[in-house]
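Student: Dropping in my_file_31.cif, which is mmCIF, C-alpha atoms, pLDDT in the B column; chains and numbers go by the auth columns:
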data_upload
loop_
_atom_site.group_PDB
_atom_site.id
_atom_site.type_symbol
_atom_site.label_atom_id
_atom_site.label_comp_id
_atom_site.label_asym_id
_atom_site.label_seq_id
_atom_site.Cartn_x
_atom_site.Cartn_y
_atom_site.Cartn_z
_atom_site.B_iso_or_equiv
_atom_site.auth_seq_id
_atom_site.auth_asym_id
ATOM 1 C CA ASP A 1 6.523 -3.411 12.911 63.00 25 A
ATOM 2 C CA ASN A 2 6.753 -0.873 10.126 74.00 26 A
ATOM 3 C CA TYR A 3 5.311 2.564 9.613 79.00 27 A
ATOM 4 C CA LEU A 4 3.071 1.847 6.634 88.00 28 A
ATOM 5 C CA GLY A 5 0.141 4.227 6.599 89.00 29 A
ATOM 6 C CA ASP A 6 -2.749 5.159 4.357 91.00 30 A
ATOM 7 C CA ALA A 7 -0.396 6.256 1.555 90.00 31 A
ATOM 8 C CA SER A 8 1.061 2.748 1.572 91.00 32 A
ATOM 9 C CA ALA A 9 -2.448 1.309 1.283 92.00 33 A
ATOM 10 C CA SER A 10 -2.953 3.476 -1.802 91.00 34 A
ATOM 11 C CA SER A 11 0.307 2.150 -3.230 91.00 35 A
ATOM 12 C CA LEU A 12 -0.799 -1.442 -2.614 94.00 36 A
ATOM 13 C CA LYS A 13 -4.241 -1.064 -4.182 93.00 37 A
ATOM 14 C CA GLU A 14 -2.927 -1.845 -7.689 92.00 38 A
ATOM 15 C CA LEU A 15 -1.440 -5.124 -6.455 93.00 39 A
ATOM 16 C CA VAL A 16 -4.589 -6.096 -4.566 94.00 40 A
ATOM 17 C CA SER A 17 -6.950 -5.177 -7.404 94.00 41 A
ATOM 18 C CA ARG A 18 -5.001 -7.068 -10.091 92.00 42 A
ATOM 19 C CA SER A 19 -3.314 -10.045 -8.432 91.00 43 A
ATOM 20 C CA GLN A 20 -4.773 -13.455 -9.138 87.00 44 A
ATOM 21 C CA GLY A 21 -2.409 -15.486 -6.961 87.00 45 A
ATOM 22 C CA LEU A 22 -1.849 -13.335 -3.873 90.00 46 A
ATOM 23 C CA ARG A 23 -3.020 -15.237 -0.774 91.00 47 A
ATOM 24 C CA LEU A 24 -1.840 -13.225 2.226 92.00 48 A
ATOM 25 C CA LEU A 25 -1.018 -9.580 2.749 93.00 49 A
ATOM 26 C CA ASP A 26 0.294 -9.229 6.301 93.00 50 A
ATOM 27 C CA LEU A 27 0.051 -5.572 7.306 94.00 51 A
ATOM 28 C CA ARG A 28 -0.051 -6.078 11.066 93.00 52 A
ATOM 29 C CA GLY A 29 1.654 -3.569 13.329 90.00 53 A
ATOM 30 C CA ASN A 30 1.616 -0.544 11.051 90.00 54 A
ATOM 31 C CA SER A 31 -0.059 2.849 11.212 89.00 55 A
ATOM 32 C CA MET A 32 -3.010 2.517 8.818 91.00 56 A
ATOM 33 C CA SER A 33 -6.291 4.116 9.685 90.00 57 A
ATOM 34 C CA SER A 34 -9.738 2.831 8.789 91.00 58 A
ATOM 35 C CA ALA A 35 -9.468 4.891 5.562 92.00 59 A
ATOM 36 C CA GLY A 36 -6.398 2.912 4.479 93.00 60 A
ATOM 37 C CA ILE A 37 -8.110 -0.365 5.276 93.00 61 A
ATOM 38 C CA ALA A 38 -11.178 0.785 3.311 94.00 62 A
ATOM 39 C CA THR A 39 -8.865 1.489 0.343 95.00 63 A
ATOM 40 C CA LEU A 40 -7.597 -2.098 0.486 95.00 64 A
ATOM 41 C CA LYS A 41 -11.144 -3.434 0.758 95.00 65 A
ATOM 42 C CA SER A 42 -12.235 -1.447 -2.310 95.00 66 A
ATOM 43 C CA ALA A 43 -9.196 -2.702 -4.199 95.00 67 A
ATOM 44 C CA ALA A 44 -10.049 -6.309 -3.306 95.00 68 A
ATOM 45 C CA LEU A 45 -13.618 -5.783 -4.494 95.00 69 A
ATOM 46 C CA ALA A 46 -12.292 -4.359 -7.778 95.00 70 A
ATOM 47 C CA ASN A 47 -10.327 -7.559 -8.407 93.00 71 A
ATOM 48 C CA LYS A 48 -12.022 -9.543 -11.206 92.00 72 A
ATOM 49 C CA CYS A 49 -11.239 -12.821 -9.431 92.00 73 A
ATOM 50 C CA VAL A 50 -12.901 -11.816 -6.154 93.00 74 A
ATOM 51 C CA ASP A 51 -16.540 -12.653 -5.525 93.00 75 A
ATOM 52 C CA ARG A 52 -16.983 -10.960 -2.139 93.00 76 A
ATOM 53 C CA VAL A 53 -14.998 -9.501 0.766 94.00 77 A
ATOM 54 C CA GLU A 54 -15.744 -10.499 4.330 93.00 78 A
ATOM 55 C CA SER A 55 -14.602 -8.399 7.315 91.00 79 A
ATOM 56 C CA ARG A 56 -13.555 -10.005 10.597 91.00 80 A
ATOM 57 C CA ASN A 57 -12.003 -8.766 13.857 88.00 81 A
ATOM 58 C CA ASP A 58 -13.838 -5.432 13.727 85.00 82 A
ATOM 59 C CA GLY A 59 -12.872 -4.926 10.084 86.00 83 A
ATOM 60 C CA MET A 60 -9.166 -5.462 10.696 91.00 84 A
ATOM 61 C CA VAL A 61 -9.002 -8.749 8.788 93.00 85 A
ATOM 62 C CA LEU A 62 -10.361 -8.816 5.245 93.00 86 A
ATOM 63 C CA ILE A 63 -11.055 -12.109 3.517 94.00 87 A
ATOM 64 C CA ALA A 64 -11.497 -11.793 -0.229 94.00 88 A
ATOM 65 C CA HIS A 65 -13.286 -14.912 -1.455 93.00 89 A
ATOM 66 C CA LYS A 66 -12.401 -15.840 -5.027 91.00 90 A
ATOM 67 C CA ASP A 67 -15.005 -16.297 -7.741 89.00 91 A
ATOM 68 C CA VAL A 68 -15.091 -20.035 -8.473 86.00 92 A
ATOM 69 C CA ASP A 69 -15.873 -19.403 -12.154 87.00 93 A
ATOM 70 C CA THR A 70 -13.104 -16.910 -12.992 83.00 94 A
ATOM 71 C CA ALA A 71 -10.288 -17.452 -10.474 84.00 95 A
ATOM 72 C CA THR A 72 -7.472 -19.836 -11.313 84.00 96 A
ATOM 73 C CA ASP A 73 -6.441 -19.930 -7.631 85.00 97 A
ATOM 74 C CA LYS A 74 -9.477 -20.647 -5.456 88.00 98 A
ATOM 75 C CA GLU A 75 -7.759 -19.888 -2.121 91.00 99 A
ATOM 76 C CA PRO A 76 -9.006 -16.653 -0.533 93.00 100 A
ATOM 77 C CA LEU A 77 -6.848 -13.551 -0.233 94.00 101 A
ATOM 78 C CA ILE A 78 -6.404 -12.593 3.420 94.00 102 A
ATOM 79 C CA ILE A 79 -5.440 -9.009 4.247 95.00 103 A
ATOM 80 C CA ASP A 80 -4.475 -8.824 7.918 95.00 104 A
ATOM 81 C CA CYS A 81 -4.446 -5.272 9.315 93.00 105 A
ATOM 82 C CA ARG A 82 -4.638 -6.053 13.021 93.00 106 A
ATOM 83 C CA HIS A 83 -2.639 -4.044 15.551 90.00 107 A
ATOM 84 C CA ASN A 84 -2.422 -0.880 13.452 89.00 108 A
ATOM 85 C CA ASP A 85 -1.883 2.329 15.395 83.00 109 A
ATOM 86 C CA VAL A 86 -2.410 5.597 13.525 74.00 110 A
ATOM 87 C CA LYS A 87 -0.489 7.467 16.248 73.00 111 A
ATOM 88 C CA LYS A 88 2.575 5.400 15.409 67.00 112 A
ATOM 89 C CA ALA A 89 3.155 7.509 12.282 56.00 113 A
ATOM 90 C CA ASP A 90 3.683 10.563 14.485 55.00 114 A
ATOM 91 C CA LYS A 91 6.674 8.823 16.072 54.00 115 A
ATOM 92 C CA ALA A 92 8.312 8.114 12.711 49.00 116 A
ATOM 93 C CA GLN A 93 9.176 11.619 11.602 48.00 117 A
ATOM 94 C CA ILE A 94 12.265 12.075 9.496 50.00 118 A
ATOM 95 C CA TYR A 95 13.909 15.457 9.220 53.00 119 A
ATOM 96 C CA LEU A 96 16.169 16.381 6.308 57.00 120 A
ATOM 97 C CA ASN A 97 18.304 19.464 6.083 69.00 121 A
ATOM 98 C CA ARG A 98 18.013 21.710 3.005 75.00 122 A
ATOM 99 C CA ALA A 99 21.065 20.187 1.265 76.00 123 A
ATOM 100 C CA SER A 100 19.671 16.672 1.711 73.00 124 A
ATOM 101 C CA CYS A 101 16.286 17.736 0.321 71.00 125 A
ATOM 102 C CA GLU A 102 17.899 19.358 -2.715 78.00 126 A
ATOM 103 C CA LYS A 103 20.022 16.248 -3.332 79.00 127 A
ATOM 104 C CA LEU A 104 16.960 14.028 -3.019 75.00 128 A
ATOM 105 C CA LEU A 105 14.995 16.185 -5.499 77.00 129 A
ATOM 106 C CA GLU A 106 17.966 16.133 -7.891 82.00 130 A
ATOM 107 C CA ASP A 107 18.166 12.331 -7.717 80.00 131 A
ATOM 108 C CA ILE A 108 14.424 11.990 -8.279 78.00 132 A
ATOM 109 C CA GLY A 109 14.687 14.324 -11.285 79.00 133 A
ATOM 110 C CA LYS A 110 17.476 12.202 -12.790 80.00 134 A
ATOM 111 C CA TRP A 111 15.513 9.027 -12.206 76.00 135 A
ATOM 112 C CA THR A 112 12.339 10.380 -13.824 72.00 136 A
ATOM 113 C CA ARG A 113 14.194 11.770 -16.857 73.00 137 A
ATOM 114 C CA LYS A 114 15.995 8.428 -17.368 72.00 138 A
ATOM 115 C CA ARG A 115 12.655 6.699 -17.507 65.00 139 A
ATOM 116 C CA GLY A 116 10.963 9.387 -19.605 62.00 140 A
ATOM 117 C CA VAL A 117 8.462 10.199 -16.877 50.00 141 A
ATOM 118 C CA GLY A 118 8.521 13.958 -17.369 47.00 142 A
ATOM 119 C CA GLY A 119 10.522 17.141 -17.429 46.00 143 A
ATOM 120 C CA GLU A 120 11.535 19.222 -14.470 46.00 144 A
ATOM 121 C CA LEU A 121 9.976 18.541 -11.110 42.00 145 A
ATOM 122 C CA GLU A 122 7.733 21.219 -9.764 46.00 146 A
ATOM 123 C CA GLY A 123 9.484 23.411 -7.225 49.00 147 A
ATOM 124 C CA THR A 124 13.036 22.645 -8.332 46.00 148 A
ATOM 125 C CA THR A 125 15.422 25.254 -9.647 48.00 149 A
ATOM 126 C CA LYS A 126 18.433 25.047 -11.904 47.00 150 A
ATOM 127 C CA GLY A 127 21.643 26.677 -10.933 47.00 151 A
#
What would the structure in this file look like if it were written as structure tokens?
Tutor:
Amino acid sequence: DNYLGDASASSLKELVSRSQGLRLLDLRGNSMSSAGIATLKSAALANKCVDRVESRNDGMVLIAHKDVDTATDKEPLIIDCRHNDVKKADKAQIYLNRASCEKLLEDIGKWTRKRGVGGELEGTTKG
């Protein structure tokens, strides 16, 4: 069991919408709501290789059937979201003290500048 929620579903939508060979995405036992599952369903429908998406188990299992004309891999993509509990996310709170937050922001700033992502992060101060 993990604590993947709706934000994680948003992060996975690129993978789901573009992958041609993905066959199973096991997301059981997380904290996604119906909104997160709907995000994954929309992403599957946006995939050029997918013909249609079927919902089973009260919408908790999505089966993305591949288009026989365009897909190189004809096996369906199964996204299993059973046993998700949105209340689970409330139990997974992480608290950081101010020094830890500042260090984390500093590290993120270094990482983004190394990769040319942008300048200063909003809300950070020099000094």
Student: What's the 12 Å shell around region 61-71 of chain A, counting all atoms listed in the file, without same-chain residues fewer than 4 positions away, as an MDAnalysis selection string?
Tutor: chainID A and resid 28:47 49 51:52 54:57 75:79 82:91 94:95 100:106 108 110
Student: I need the residue nearest Ser58 (chain A) from this list: A:Glu99, A:Glu126, A:Asp109, A:Asp93. Use all atoms listed in the file for the distance.
Tutor: A:Asp109
Student: Provide the CA of Gly53 (chain A) to CA of Asn81 (chain A) distance in Å, to one decimal place.
Tutor: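 A separation of 14.6 Å between them.
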Student: Rounded to one decimal, what separation in Å do you get between CA of Ala123 (chain A) and CA of Asn26 (chain A)?
Tutor: 27.0 Å
Student: Give me, please, the distance in Å between CA of Lys98 (chain A) and CA of Gly60 (chain A), quoted to one decimal.
Tutor: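 Taking CA of Lys98 (chain A) as the start and CA of Gly60 (chain A) as the end point, the length is 25.8 Å.
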